[in-house]
$ cat structure12.txt   # compact mmCIF, N, CA and C atoms
# COMPACT_ATOMS: atom_id res chain seq x y z
N MET E 1 -12.44 -12.93 17.34
CA MET E 1 -11.06 -13.12 17.73
C MET E 1 -10.91 -12.71 19.20
N SER E 2 -10.27 -13.57 19.97
CA SER E 2 -10.11 -13.29 21.39
C SER E 2 -8.93 -12.35 21.64
N ASP E 3 -8.98 -11.67 22.77
CA ASP E 3 -7.86 -10.82 23.18
C ASP E 3 -6.62 -11.68 23.43
N LYS E 4 -6.83 -12.90 23.95
CA LYS E 4 -5.69 -13.78 24.22
C LYS E 4 -4.98 -14.17 22.94
N ALA E 5 -5.74 -14.43 21.88
CA ALA E 5 -5.12 -14.79 20.60
C ALA E 5 -4.29 -13.62 20.08
N ARG E 6 -4.82 -12.43 20.18
CA ARG E 6 -4.08 -11.24 19.73
C ARG E 6 -2.81 -11.06 20.57
N GLU E 7 -2.92 -11.22 21.87
CA GLU E 7 -1.77 -11.05 22.76
C GLU E 7 -0.69 -12.10 22.45
N LEU E 8 -1.10 -13.34 22.23
CA LEU E 8 -0.14 -14.40 21.91
C LEU E 8 0.50 -14.14 20.55
N PHE E 9 -0.28 -13.73 19.56
CA PHE E 9 0.26 -13.41 18.24
C PHE E 9 1.32 -12.33 18.36
N ASP E 10 1.01 -11.26 19.08
CA ASP E 10 1.96 -10.16 19.25
C ASP E 10 3.24 -10.63 19.93
N ALA E 11 3.12 -11.54 20.89
CA ALA E 11 4.31 -12.06 21.57
C ALA E 11 5.17 -12.92 20.64
N LEU E 12 4.54 -13.60 19.71
CA LEU E 12 5.28 -14.48 18.80
C LEU E 12 5.84 -13.73 17.60
N ASP E 13 5.30 -12.56 17.29
CA ASP E 13 5.73 -11.78 16.14
C ASP E 13 7.04 -11.06 16.48
N LEU E 14 8.13 -11.79 16.40
CA LEU E 14 9.43 -11.29 16.87
C LEU E 14 9.92 -10.08 16.08
N ASP E 15 9.63 -10.02 14.78
CA ASP E 15 10.10 -8.88 13.98
C ASP E 15 9.03 -7.78 13.84
N HIS E 16 7.90 -7.97 14.49
CA HIS E 16 6.81 -6.98 14.54
C HIS E 16 6.35 -6.53 13.15
N ASN E 17 6.29 -7.48 12.20
CA ASN E 17 5.85 -7.12 10.85
C ASN E 17 4.39 -7.47 10.58
N GLY E 18 3.69 -7.99 11.60
CA GLY E 18 2.27 -8.28 11.45
C GLY E 18 1.95 -9.65 10.89
N THR E 19 2.97 -10.46 10.64
CA THR E 19 2.77 -11.85 10.21
C THR E 19 3.76 -12.73 10.96
N LEU E 20 3.47 -14.03 10.96
CA LEU E 20 4.36 -15.00 11.59
C LEU E 20 4.95 -15.92 10.54
N SER E 21 6.23 -16.19 10.64
CA SER E 21 6.87 -17.20 9.82
C SER E 21 7.01 -18.47 10.67
N ARG E 22 7.26 -19.60 10.02
CA ARG E 22 7.46 -20.85 10.76
C ARG E 22 8.60 -20.69 11.76
N GLU E 23 9.70 -20.08 11.31
CA GLU E 23 10.86 -19.91 12.18
C GLU E 23 10.52 -19.05 13.40
N GLU E 24 9.76 -17.98 13.19
CA GLU E 24 9.35 -17.13 14.31
C GLU E 24 8.55 -17.90 15.34
N VAL E 25 7.60 -18.70 14.87
CA VAL E 25 6.76 -19.46 15.80
C VAL E 25 7.61 -20.44 16.60
N ILE E 26 8.49 -21.14 15.93
CA ILE E 26 9.34 -22.12 16.62
C ILE E 26 10.26 -21.44 17.63
N ILE E 27 10.94 -20.39 17.20
CA ILE E 27 11.88 -19.68 18.08
C ILE E 27 11.15 -19.02 19.24
N ALA E 28 10.06 -18.34 18.95
CA ALA E 28 9.33 -17.62 20.00
C ALA E 28 8.74 -18.57 21.03
N LEU E 29 8.17 -19.69 20.58
CA LEU E 29 7.61 -20.63 21.56
C LEU E 29 8.71 -21.29 22.38
N ARG E 30 9.87 -21.52 21.78
CA ARG E 30 10.98 -22.11 22.53
C ARG E 30 11.54 -21.13 23.55
N THR E 31 11.69 -19.87 23.16
CA THR E 31 12.31 -18.91 24.06
C THR E 31 11.33 -18.22 25.00
N LYS E 32 10.12 -17.95 24.52
CA LYS E 32 9.15 -17.21 25.33
C LYS E 32 8.04 -18.09 25.90
N GLY E 33 7.90 -19.30 25.38
CA GLY E 33 6.79 -20.16 25.78
C GLY E 33 6.59 -20.33 27.26
N PRO E 34 7.64 -20.70 28.01
CA PRO E 34 7.45 -20.89 29.45
C PRO E 34 6.98 -19.62 30.17
N SER E 35 7.53 -18.47 29.81
CA SER E 35 7.09 -17.24 30.48
C SER E 35 5.68 -16.85 30.04
N LEU E 36 5.34 -17.13 28.77
CA LEU E 36 3.97 -16.86 28.31
C LEU E 36 2.98 -17.76 29.04
N ALA E 37 3.35 -19.00 29.25
CA ALA E 37 2.48 -19.92 30.00
C ALA E 37 2.35 -19.48 31.45
N ALA E 38 3.47 -19.08 32.05
CA ALA E 38 3.45 -18.65 33.45
C ALA E 38 2.59 -17.41 33.65
N SER E 39 2.53 -16.54 32.63
CA SER E 39 1.73 -15.32 32.75
C SER E 39 0.29 -15.51 32.28
N GLY E 40 -0.05 -16.72 31.83
CA GLY E 40 -1.42 -17.01 31.44
C GLY E 40 -1.76 -16.69 29.99
N VAL E 41 -0.76 -16.30 29.19
CA VAL E 41 -1.01 -15.97 27.79
C VAL E 41 -1.13 -17.24 26.95
N LEU E 42 -0.50 -18.31 27.39
CA LEU E 42 -0.48 -19.58 26.67
C LEU E 42 -0.77 -20.69 27.66
N PRO E 43 -1.70 -21.60 27.35
CA PRO E 43 -1.92 -22.72 28.27
C PRO E 43 -0.64 -23.56 28.39
N PHE E 44 -0.35 -24.05 29.59
CA PHE E 44 0.85 -24.86 29.78
C PHE E 44 0.86 -26.05 28.83
N TRP E 45 -0.30 -26.65 28.58
CA TRP E 45 -0.33 -27.81 27.68
C TRP E 45 -0.13 -27.40 26.22
N GLY E 46 -0.13 -26.08 25.96
CA GLY E 46 0.13 -25.59 24.62
C GLY E 46 1.61 -25.54 24.28
N LEU E 47 2.44 -25.69 25.31
CA LEU E 47 3.88 -25.71 25.07
C LEU E 47 4.24 -27.03 24.40
N GLY E 48 5.14 -26.97 23.46
CA GLY E 48 5.55 -28.20 22.78
C GLY E 48 6.94 -28.07 22.23
N ASP E 49 7.37 -29.10 21.57
CA ASP E 49 8.69 -29.10 20.95
C ASP E 49 8.62 -28.47 19.56
N THR E 50 9.71 -28.54 18.84
CA THR E 50 9.77 -27.95 17.51
C THR E 50 8.71 -28.52 16.59
N GLU E 51 8.48 -29.82 16.67
CA GLU E 51 7.45 -30.46 15.82
C GLU E 51 6.06 -29.90 16.12
N ALA E 52 5.75 -29.74 17.39
CA ALA E 52 4.44 -29.22 17.78
C ALA E 52 4.28 -27.77 17.33
N SER E 53 5.34 -26.99 17.46
CA SER E 53 5.29 -25.59 17.01
C SER E 53 5.11 -25.51 15.50
N SER E 54 5.81 -26.38 14.79
CA SER E 54 5.70 -26.42 13.33
C SER E 54 4.30 -26.86 12.91
N ALA E 55 3.73 -27.81 13.64
CA ALA E 55 2.37 -28.28 13.34
C ALA E 55 1.35 -27.18 13.59
N LEU E 56 1.55 -26.38 14.64
CA LEU E 56 0.67 -25.25 14.91
C LEU E 56 0.73 -24.27 13.74
N PHE E 57 1.94 -24.00 13.26
CA PHE E 57 2.10 -23.10 12.11
C PHE E 57 1.35 -23.65 10.91
N ASP E 58 1.53 -24.94 10.62
CA ASP E 58 0.86 -25.56 9.46
C ASP E 58 -0.66 -25.47 9.58
N ALA E 59 -1.18 -25.69 10.78
CA ALA E 59 -2.62 -25.63 10.99
C ALA E 59 -3.14 -24.21 10.74
N ALA E 60 -2.34 -23.22 11.12
CA ALA E 60 -2.78 -21.83 10.99
C ALA E 60 -2.59 -21.28 9.58
N ASP E 61 -1.63 -21.80 8.84
CA ASP E 61 -1.35 -21.28 7.49
C ASP E 61 -2.39 -21.82 6.51
N GLN E 62 -3.59 -21.27 6.58
CA GLN E 62 -4.73 -21.79 5.85
C GLN E 62 -4.59 -21.68 4.34
N ASN E 63 -3.90 -20.66 3.86
CA ASN E 63 -3.78 -20.50 2.41
C ASN E 63 -2.45 -21.00 1.86
N GLY E 64 -1.59 -21.54 2.73
CA GLY E 64 -0.36 -22.16 2.28
C GLY E 64 0.69 -21.20 1.74
N ASP E 65 0.65 -19.93 2.17
CA ASP E 65 1.61 -18.95 1.65
C ASP E 65 2.87 -18.81 2.51
N ALA E 66 3.04 -19.67 3.49
CA ALA E 66 4.22 -19.72 4.36
C ALA E 66 4.32 -18.54 5.33
N VAL E 67 3.24 -17.79 5.48
CA VAL E 67 3.13 -16.78 6.53
C VAL E 67 1.75 -16.89 7.15
N VAL E 68 1.69 -16.55 8.42
CA VAL E 68 0.42 -16.63 9.15
C VAL E 68 0.02 -15.23 9.58
N THR E 69 -1.20 -14.84 9.21
CA THR E 69 -1.74 -13.55 9.62
C THR E 69 -2.41 -13.70 10.97
N LEU E 70 -2.71 -12.59 11.58
CA LEU E 70 -3.41 -12.60 12.86
C LEU E 70 -4.74 -13.33 12.74
N GLU E 71 -5.46 -13.10 11.66
CA GLU E 71 -6.77 -13.73 11.48
C GLU E 71 -6.63 -15.25 11.37
N GLU E 72 -5.65 -15.72 10.59
CA GLU E 72 -5.42 -17.17 10.47
C GLU E 72 -5.04 -17.77 11.82
N PHE E 73 -4.14 -17.08 12.53
CA PHE E 73 -3.65 -17.56 13.81
C PHE E 73 -4.78 -17.63 14.83
N ALA E 74 -5.57 -16.56 14.92
CA ALA E 74 -6.65 -16.51 15.90
C ALA E 74 -7.68 -17.60 15.65
N ALA E 75 -7.98 -17.88 14.39
CA ALA E 75 -8.97 -18.91 14.07
C ALA E 75 -8.55 -20.27 14.63
N VAL E 76 -7.26 -20.55 14.59
CA VAL E 76 -6.76 -21.85 15.08
C VAL E 76 -6.61 -21.85 16.60
N VAL E 77 -5.94 -20.85 17.17
CA VAL E 77 -5.69 -20.91 18.61
C VAL E 77 -6.96 -20.68 19.42
N ASP E 78 -7.88 -19.86 18.94
CA ASP E 78 -9.13 -19.70 19.68
C ASP E 78 -9.87 -21.03 19.78
N ARG E 79 -9.88 -21.78 18.69
CA ARG E 79 -10.54 -23.09 18.70
C ARG E 79 -9.75 -24.11 19.52
N ARG E 80 -8.44 -24.17 19.29
CA ARG E 80 -7.60 -25.17 19.95
C ARG E 80 -7.53 -24.97 21.46
N PHE E 81 -7.45 -23.72 21.90
CA PHE E 81 -7.29 -23.43 23.33
C PHE E 81 -8.61 -23.09 24.02
N GLY E 82 -9.72 -23.12 23.26
CA GLY E 82 -11.03 -22.86 23.84
C GLY E 82 -11.25 -21.41 24.20
N TRP E 83 -10.58 -20.50 23.48
CA TRP E 83 -10.75 -19.08 23.73
C TRP E 83 -11.87 -18.55 22.86
N HIS E 84 -12.57 -17.53 23.35
CA HIS E 84 -13.68 -16.95 22.58
C HIS E 84 -13.56 -15.46 22.54

$ encode --input "structure12.txt" --output "structure tokens"
Amino acid sequence: MSDKARELFDALDLDHNGTLSREEVIIALRTKGPSLAASGVLPFWGLGDTEASSALFDAADQNGDAVVTLEEFAAVVDRRFGWH
């Protein structure tokens, strides 16, 4: 798991409960996405609309329980963004 994946997960975890909900991912990327991209935490091309944020959540929710753990999230974003 990359440090960048952990940093991005922490930034998206709005309620700081250690998991991400679909709503959290959508809201956090909409409100924090541009500043996260500007600071290098998120690639600019990783910014997207609600559909793209929802699709990222679906890709990460590997067990289909409607919450994403750090491990699930890191597995997807490390691969998608080329982080190691």

$ select_by_dssp --input "structure12.txt" --residues "chain E" --states "helix (DSSP H, G or I)" --output "short mmCIF file (atom, residue, chain, number, x, y, z; two decimals) with N, CA and C atoms, keeping the file's coordinate frame"
data_model
loop_
_atom_site.label_atom_id
_atom_site.label_comp_id
_atom_site.auth_asym_id
_atom_site.auth_seq_id
_atom_site.Cartn_x
_atom_site.Cartn_y
_atom_site.Cartn_z
N ASP E 3 -8.98 -11.67 22.77
CA ASP E 3 -7.86 -10.82 23.18
C ASP E 3 -6.62 -11.68 23.43
N LYS E 4 -6.83 -12.90 23.95
CA LYS E 4 -5.69 -13.78 24.22
C LYS E 4 -4.98 -14.17 22.94
N ALA E 5 -5.74 -14.43 21.88
CA ALA E 5 -5.12 -14.79 20.60
C ALA E 5 -4.29 -13.62 20.08
N ARG E 6 -4.82 -12.43 20.18
CA ARG E 6 -4.08 -11.24 19.73
C ARG E 6 -2.81 -11.06 20.57
N GLU E 7 -2.92 -11.22 21.87
CA GLU E 7 -1.77 -11.05 22.76
C GLU E 7 -0.69 -12.10 22.45
N LEU E 8 -1.10 -13.34 22.23
CA LEU E 8 -0.14 -14.40 21.91
C LEU E 8 0.50 -14.14 20.55
N PHE E 9 -0.28 -13.73 19.56
CA PHE E 9 0.26 -13.41 18.24
C PHE E 9 1.32 -12.33 18.36
N ASP E 10 1.01 -11.26 19.08
CA ASP E 10 1.96 -10.16 19.25
C ASP E 10 3.24 -10.63 19.93
N ALA E 11 3.12 -11.54 20.89
CA ALA E 11 4.31 -12.06 21.57
C ALA E 11 5.17 -12.92 20.64
N LEU E 12 4.54 -13.60 19.71
CA LEU E 12 5.28 -14.48 18.80
C LEU E 12 5.84 -13.73 17.60
N ARG E 22 7.26 -19.60 10.02
CA ARG E 22 7.46 -20.85 10.76
C ARG E 22 8.60 -20.69 11.76
N GLU E 23 9.70 -20.08 11.31
CA GLU E 23 10.86 -19.91 12.18
C GLU E 23 10.52 -19.05 13.40
N GLU E 24 9.76 -17.98 13.19
CA GLU E 24 9.35 -17.13 14.31
C GLU E 24 8.55 -17.90 15.34
N VAL E 25 7.60 -18.70 14.87
CA VAL E 25 6.76 -19.46 15.80
C VAL E 25 7.61 -20.44 16.60
N ILE E 26 8.49 -21.14 15.93
CA ILE E 26 9.34 -22.12 16.62
C ILE E 26 10.26 -21.44 17.63
N ILE E 27 10.94 -20.39 17.20
CA ILE E 27 11.88 -19.68 18.08
C ILE E 27 11.15 -19.02 19.24
N ALA E 28 10.06 -18.34 18.95
CA ALA E 28 9.33 -17.62 20.00
C ALA E 28 8.74 -18.57 21.03
N LEU E 29 8.17 -19.69 20.58
CA LEU E 29 7.61 -20.63 21.56
C LEU E 29 8.71 -21.29 22.38
N ARG E 30 9.87 -21.52 21.78
CA ARG E 30 10.98 -22.11 22.53
C ARG E 30 11.54 -21.13 23.55
N THR E 31 11.69 -19.87 23.16
CA THR E 31 12.31 -18.91 24.06
C THR E 31 11.33 -18.22 25.00
N LYS E 32 10.12 -17.95 24.52
CA LYS E 32 9.15 -17.21 25.33
C LYS E 32 8.04 -18.09 25.90
N GLY E 33 7.90 -19.30 25.38
CA GLY E 33 6.79 -20.16 25.78
C GLY E 33 6.59 -20.33 27.26
N PRO E 34 7.64 -20.70 28.01
CA PRO E 34 7.45 -20.89 29.45
C PRO E 34 6.98 -19.62 30.17
N SER E 35 7.53 -18.47 29.81
CA SER E 35 7.09 -17.24 30.48
C SER E 35 5.68 -16.85 30.04
N LEU E 36 5.34 -17.13 28.77
CA LEU E 36 3.97 -16.86 28.31
C LEU E 36 2.98 -17.76 29.04
N ALA E 37 3.35 -19.00 29.25
CA ALA E 37 2.48 -19.92 30.00
C ALA E 37 2.35 -19.48 31.45
N ALA E 38 3.47 -19.08 32.05
CA ALA E 38 3.45 -18.65 33.45
C ALA E 38 2.59 -17.41 33.65
N PHE E 44 -0.35 -24.05 29.59
CA PHE E 44 0.85 -24.86 29.78
C PHE E 44 0.86 -26.05 28.83
N TRP E 45 -0.30 -26.65 28.58
CA TRP E 45 -0.33 -27.81 27.68
C TRP E 45 -0.13 -27.40 26.22
N GLY E 46 -0.13 -26.08 25.96
CA GLY E 46 0.13 -25.59 24.62
C GLY E 46 1.61 -25.54 24.28
N THR E 50 9.71 -28.54 18.84
CA THR E 50 9.77 -27.95 17.51
C THR E 50 8.71 -28.52 16.59
N GLU E 51 8.48 -29.82 16.67
CA GLU E 51 7.45 -30.46 15.82
C GLU E 51 6.06 -29.90 16.12
N ALA E 52 5.75 -29.74 17.39
CA ALA E 52 4.44 -29.22 17.78
C ALA E 52 4.28 -27.77 17.33
N SER E 53 5.34 -26.99 17.46
CA SER E 53 5.29 -25.59 17.01
C SER E 53 5.11 -25.51 15.50
N SER E 54 5.81 -26.38 14.79
CA SER E 54 5.70 -26.42 13.33
C SER E 54 4.30 -26.86 12.91
N ALA E 55 3.73 -27.81 13.64
CA ALA E 55 2.37 -28.28 13.34
C ALA E 55 1.35 -27.18 13.59
N LEU E 56 1.55 -26.38 14.64
CA LEU E 56 0.67 -25.25 14.91
C LEU E 56 0.73 -24.27 13.74
N PHE E 57 1.94 -24.00 13.26
CA PHE E 57 2.10 -23.10 12.11
C PHE E 57 1.35 -23.65 10.91
N ASP E 58 1.53 -24.94 10.62
CA ASP E 58 0.86 -25.56 9.46
C ASP E 58 -0.66 -25.47 9.58
N ALA E 59 -1.18 -25.69 10.78
CA ALA E 59 -2.62 -25.63 10.99
C ALA E 59 -3.14 -24.21 10.74
N ALA E 60 -2.34 -23.22 11.12
CA ALA E 60 -2.78 -21.83 10.99
C ALA E 60 -2.59 -21.28 9.58
N LEU E 70 -2.71 -12.59 11.58
CA LEU E 70 -3.41 -12.60 12.86
C LEU E 70 -4.74 -13.33 12.74
N GLU E 71 -5.46 -13.10 11.66
CA GLU E 71 -6.77 -13.73 11.48
C GLU E 71 -6.63 -15.25 11.37
N GLU E 72 -5.65 -15.72 10.59
CA GLU E 72 -5.42 -17.17 10.47
C GLU E 72 -5.04 -17.77 11.82
N PHE E 73 -4.14 -17.08 12.53
CA PHE E 73 -3.65 -17.56 13.81
C PHE E 73 -4.78 -17.63 14.83
N ALA E 74 -5.57 -16.56 14.92
CA ALA E 74 -6.65 -16.51 15.90
C ALA E 74 -7.68 -17.60 15.65
N ALA E 75 -7.98 -17.88 14.39
CA ALA E 75 -8.97 -18.91 14.07
C ALA E 75 -8.55 -20.27 14.63
N VAL E 76 -7.26 -20.55 14.59
CA VAL E 76 -6.76 -21.85 15.08
C VAL E 76 -6.61 -21.85 16.60
N VAL E 77 -5.94 -20.85 17.17
CA VAL E 77 -5.69 -20.91 18.61
C VAL E 77 -6.96 -20.68 19.42
N ASP E 78 -7.88 -19.86 18.94
CA ASP E 78 -9.13 -19.70 19.68
C ASP E 78 -9.87 -21.03 19.78
N ARG E 79 -9.88 -21.78 18.69
CA ARG E 79 -10.54 -23.09 18.70
C ARG E 79 -9.75 -24.11 19.52
N ARG E 80 -8.44 -24.17 19.29
CA ARG E 80 -7.60 -25.17 19.95
C ARG E 80 -7.53 -24.97 21.46
N PHE E 81 -7.45 -23.72 21.90
CA PHE E 81 -7.29 -23.43 23.33
C PHE E 81 -8.61 -23.09 24.02
#

$ closest_residue --input "structure12.txt" --among "E:Asn17, E:Ala11, E:Leu42, E:Ile26" --to "Trp83 (chain E)" --atoms "only C-alpha atoms"
E:Leu42

$ select_by_dssp --input "structure12.txt" --residues "chain E" --states "strand (DSSP E)" --output "number ranges by chain"
E: 19-20, 68-69

$ closest_residue --input "structure12.txt" --among "E:Leu29, E:Leu8, E:Leu47, E:Leu20" --to "Ala60 (chain E)" --atoms "only C-alpha atoms"
E:Leu20

$ atom_distance --input "structure12.txt" --atom1 "CA of Val67 (chain E)" --atom2 "atom N of Ala38 (chain E)"
25.6 Å

$ residues_around --input "structure12.txt" --residues "Ala59 (chain E)" --least-positions-apart "5" --cutoff "12 Å" --atoms "only C-alpha atoms" --output "JSON, numbers by chain"
{"E": [22, 52, 53, 54, 64, 66, 67, 68, 72, 73, 74, 75, 76, 77, 79, 80]}

$ atom_distance --input "structure12.txt" --atom1 "CA of Met1 (chain E)" --atom2 "CA of Gly18 (chain E)"
15.5 Å

$ atom_distance --input "structure12.txt" --atom1 "CA of Ile27 (chain E)" --atom2 "atom C of Asp49 (chain E)"
9.5 Å

$ residues_near_point --input "structure12.txt" --point "(-6.1, -20.9, 25.6)" --cutoff "10 Å" --atoms "only C-alpha atoms" --output "mmCIF file with N, CA and C atoms, in the coordinates of the input"
data_model
loop_
_atom_site.group_PDB
_atom_site.id
_atom_site.type_symbol
_atom_site.label_atom_id
_atom_site.label_comp_id
_atom_site.auth_asym_id
_atom_site.auth_seq_id
_atom_site.Cartn_x
_atom_site.Cartn_y
_atom_site.Cartn_z
ATOM 1 N N SER E 2 -10.270 -13.570 19.970
ATOM 2 C CA SER E 2 -10.110 -13.290 21.390
ATOM 3 C C SER E 2 -8.930 -12.350 21.640
ATOM 4 N N LYS E 4 -6.830 -12.900 23.950
ATOM 5 C CA LYS E 4 -5.690 -13.780 24.220
ATOM 6 C C LYS E 4 -4.980 -14.170 22.940
ATOM 7 N N ALA E 5 -5.740 -14.430 21.880
ATOM 8 C CA ALA E 5 -5.120 -14.790 20.600
ATOM 9 C C ALA E 5 -4.290 -13.620 20.080
ATOM 10 N N LEU E 8 -1.100 -13.340 22.230
ATOM 11 C CA LEU E 8 -0.140 -14.400 21.910
ATOM 12 C C LEU E 8 0.500 -14.140 20.550
ATOM 13 N N ALA E 37 3.350 -19.000 29.250
ATOM 14 C CA ALA E 37 2.480 -19.920 30.000
ATOM 15 C C ALA E 37 2.350 -19.480 31.450
ATOM 16 N N GLY E 40 -0.050 -16.720 31.830
ATOM 17 C CA GLY E 40 -1.420 -17.010 31.440
ATOM 18 C C GLY E 40 -1.760 -16.690 29.990
ATOM 19 N N VAL E 41 -0.760 -16.300 29.190
ATOM 20 C CA VAL E 41 -1.010 -15.970 27.790
ATOM 21 C C VAL E 41 -1.130 -17.240 26.950
ATOM 22 N N LEU E 42 -0.500 -18.310 27.390
ATOM 23 C CA LEU E 42 -0.480 -19.580 26.670
ATOM 24 C C LEU E 42 -0.770 -20.690 27.660
ATOM 25 N N PRO E 43 -1.700 -21.600 27.350
ATOM 26 C CA PRO E 43 -1.920 -22.720 28.270
ATOM 27 C C PRO E 43 -0.640 -23.560 28.390
ATOM 28 N N PHE E 44 -0.350 -24.050 29.590
ATOM 29 C CA PHE E 44 0.850 -24.860 29.780
ATOM 30 C C PHE E 44 0.860 -26.050 28.830
ATOM 31 N N TRP E 45 -0.300 -26.650 28.580
ATOM 32 C CA TRP E 45 -0.330 -27.810 27.680
ATOM 33 C C TRP E 45 -0.130 -27.400 26.220
ATOM 34 N N GLY E 46 -0.130 -26.080 25.960
ATOM 35 C CA GLY E 46 0.130 -25.590 24.620
ATOM 36 C C GLY E 46 1.610 -25.540 24.280
ATOM 37 N N VAL E 77 -5.940 -20.850 17.170
ATOM 38 C CA VAL E 77 -5.690 -20.910 18.610
ATOM 39 C C VAL E 77 -6.960 -20.680 19.420
ATOM 40 N N ASP E 78 -7.880 -19.860 18.940
ATOM 41 C CA ASP E 78 -9.130 -19.700 19.680
ATOM 42 C C ASP E 78 -9.870 -21.030 19.780
ATOM 43 N N ARG E 79 -9.880 -21.780 18.690
ATOM 44 C CA ARG E 79 -10.540 -23.090 18.700
ATOM 45 C C ARG E 79 -9.750 -24.110 19.520
ATOM 46 N N ARG E 80 -8.440 -24.170 19.290
ATOM 47 C CA ARG E 80 -7.600 -25.170 19.950
ATOM 48 C C ARG E 80 -7.530 -24.970 21.460
ATOM 49 N N PHE E 81 -7.450 -23.720 21.900
ATOM 50 C CA PHE E 81 -7.290 -23.430 23.330
ATOM 51 C C PHE E 81 -8.610 -23.090 24.020
ATOM 52 N N GLY E 82 -9.720 -23.120 23.260
ATOM 53 C CA GLY E 82 -11.030 -22.860 23.840
ATOM 54 C C GLY E 82 -11.250 -21.410 24.200
ATOM 55 N N TRP E 83 -10.580 -20.500 23.480
ATOM 56 C CA TRP E 83 -10.750 -19.080 23.730
ATOM 57 C C TRP E 83 -11.870 -18.550 22.860
ATOM 58 N N HIS E 84 -12.570 -17.530 23.350
ATOM 59 C CA HIS E 84 -13.680 -16.950 22.580
ATOM 60 C C HIS E 84 -13.560 -15.460 22.540
#

$ axis_aligned_box --input "structure12.txt" --around "region 65-72 of chain E" --padding-each-side "6 Å" --output "lines of an AutoDock Vina configuration file"
center_x = -1.2
center_y = -16.3
center_z = 7.3
size_x = 23.1
size_y = 19.3
size_z = 23.2

$ build_atoms --input "structure12.txt" --residues "region 19-24 of chain E" --atoms "all heavy atoms" --output "PDB file, in the coordinates of the input"
ATOM      1  N   THR E  19       2.970 -10.460  10.640  1.00  0.00           N
ATOM      2  CA  THR E  19       2.770 -11.850  10.210  1.00  0.00           C
ATOM      3  C   THR E  19       3.760 -12.730  10.960  1.00  0.00           C
ATOM      4  O   THR E  19       4.759 -12.254  11.502  1.00  0.00           O
ATOM      5  CB  THR E  19       2.991 -12.034   8.690  1.00  0.00           C
ATOM      6  OG1 THR E  19       4.330 -11.690   8.365  1.00  0.00           O
ATOM      7  CG2 THR E  19       2.003 -11.217   7.881  1.00  0.00           C
ATOM      8  N   LEU E  20       3.470 -14.030  10.960  1.00  0.00           N
ATOM      9  CA  LEU E  20       4.360 -15.000  11.590  1.00  0.00           C
ATOM     10  C   LEU E  20       4.950 -15.920  10.540  1.00  0.00           C
ATOM     11  O   LEU E  20       4.222 -16.414   9.674  1.00  0.00           O
ATOM     12  CB  LEU E  20       3.593 -15.854  12.608  1.00  0.00           C
ATOM     13  CG  LEU E  20       2.925 -15.135  13.773  1.00  0.00           C
ATOM     14  CD1 LEU E  20       2.141 -16.131  14.615  1.00  0.00           C
ATOM     15  CD2 LEU E  20       3.947 -14.401  14.609  1.00  0.00           C
ATOM     16  N   SER E  21       6.230 -16.190  10.640  1.00  0.00           N
ATOM     17  CA  SER E  21       6.870 -17.200   9.820  1.00  0.00           C
ATOM     18  C   SER E  21       7.010 -18.470  10.670  1.00  0.00           C
ATOM     19  O   SER E  21       6.895 -18.420  11.901  1.00  0.00           O
ATOM     20  CB  SER E  21       8.261 -16.739   9.359  1.00  0.00           C
ATOM     21  OG  SER E  21       9.143 -16.653  10.468  1.00  0.00           O
ATOM     22  N   ARG E  22       7.260 -19.600  10.020  1.00  0.00           N
ATOM     23  CA  ARG E  22       7.460 -20.850  10.760  1.00  0.00           C
ATOM     24  C   ARG E  22       8.600 -20.690  11.760  1.00  0.00           C
ATOM     25  O   ARG E  22       8.494 -21.085  12.913  1.00  0.00           O
ATOM     26  CB  ARG E  22       7.762 -21.988   9.784  1.00  0.00           C
ATOM     27  CG  ARG E  22       7.976 -23.336  10.474  1.00  0.00           C
ATOM     28  CD  ARG E  22       8.348 -24.428   9.479  1.00  0.00           C
ATOM     29  NE  ARG E  22       7.413 -24.493   8.380  1.00  0.00           N
ATOM     30  CZ  ARG E  22       6.251 -25.157   8.395  1.00  0.00           C
ATOM     31  NH1 ARG E  22       5.892 -25.814   9.481  1.00  0.00           N
ATOM     32  NH2 ARG E  22       5.461 -25.159   7.350  1.00  0.00           N
ATOM     33  N   GLU E  23       9.700 -20.080  11.310  1.00  0.00           N
ATOM     34  CA  GLU E  23      10.860 -19.910  12.180  1.00  0.00           C
ATOM     35  C   GLU E  23      10.520 -19.050  13.400  1.00  0.00           C
ATOM     36  O   GLU E  23      10.923 -19.358  14.512  1.00  0.00           O
ATOM     37  CB  GLU E  23      12.006 -19.277  11.389  1.00  0.00           C
ATOM     38  CG  GLU E  23      13.292 -19.167  12.172  1.00  0.00           C
ATOM     39  CD  GLU E  23      14.437 -18.609  11.351  1.00  0.00           C
ATOM     40  OE1 GLU E  23      14.264 -18.355  10.143  1.00  0.00           O
ATOM     41  OE2 GLU E  23      15.506 -18.431  11.926  1.00  0.00           O
ATOM     42  N   GLU E  24       9.760 -17.980  13.190  1.00  0.00           N
ATOM     43  CA  GLU E  24       9.350 -17.130  14.310  1.00  0.00           C
ATOM     44  C   GLU E  24       8.550 -17.900  15.340  1.00  0.00           C
ATOM     45  O   GLU E  24       8.783 -17.770  16.541  1.00  0.00           O
ATOM     46  CB  GLU E  24       8.462 -15.978  13.815  1.00  0.00           C
ATOM     47  CG  GLU E  24       9.158 -14.685  13.587  1.00  0.00           C
ATOM     48  CD  GLU E  24       8.202 -13.607  13.134  1.00  0.00           C
ATOM     49  OE1 GLU E  24       7.382 -13.853  12.223  1.00  0.00           O
ATOM     50  OE2 GLU E  24       8.287 -12.510  13.688  1.00  0.00           O
TER      51      GLU E  24
END
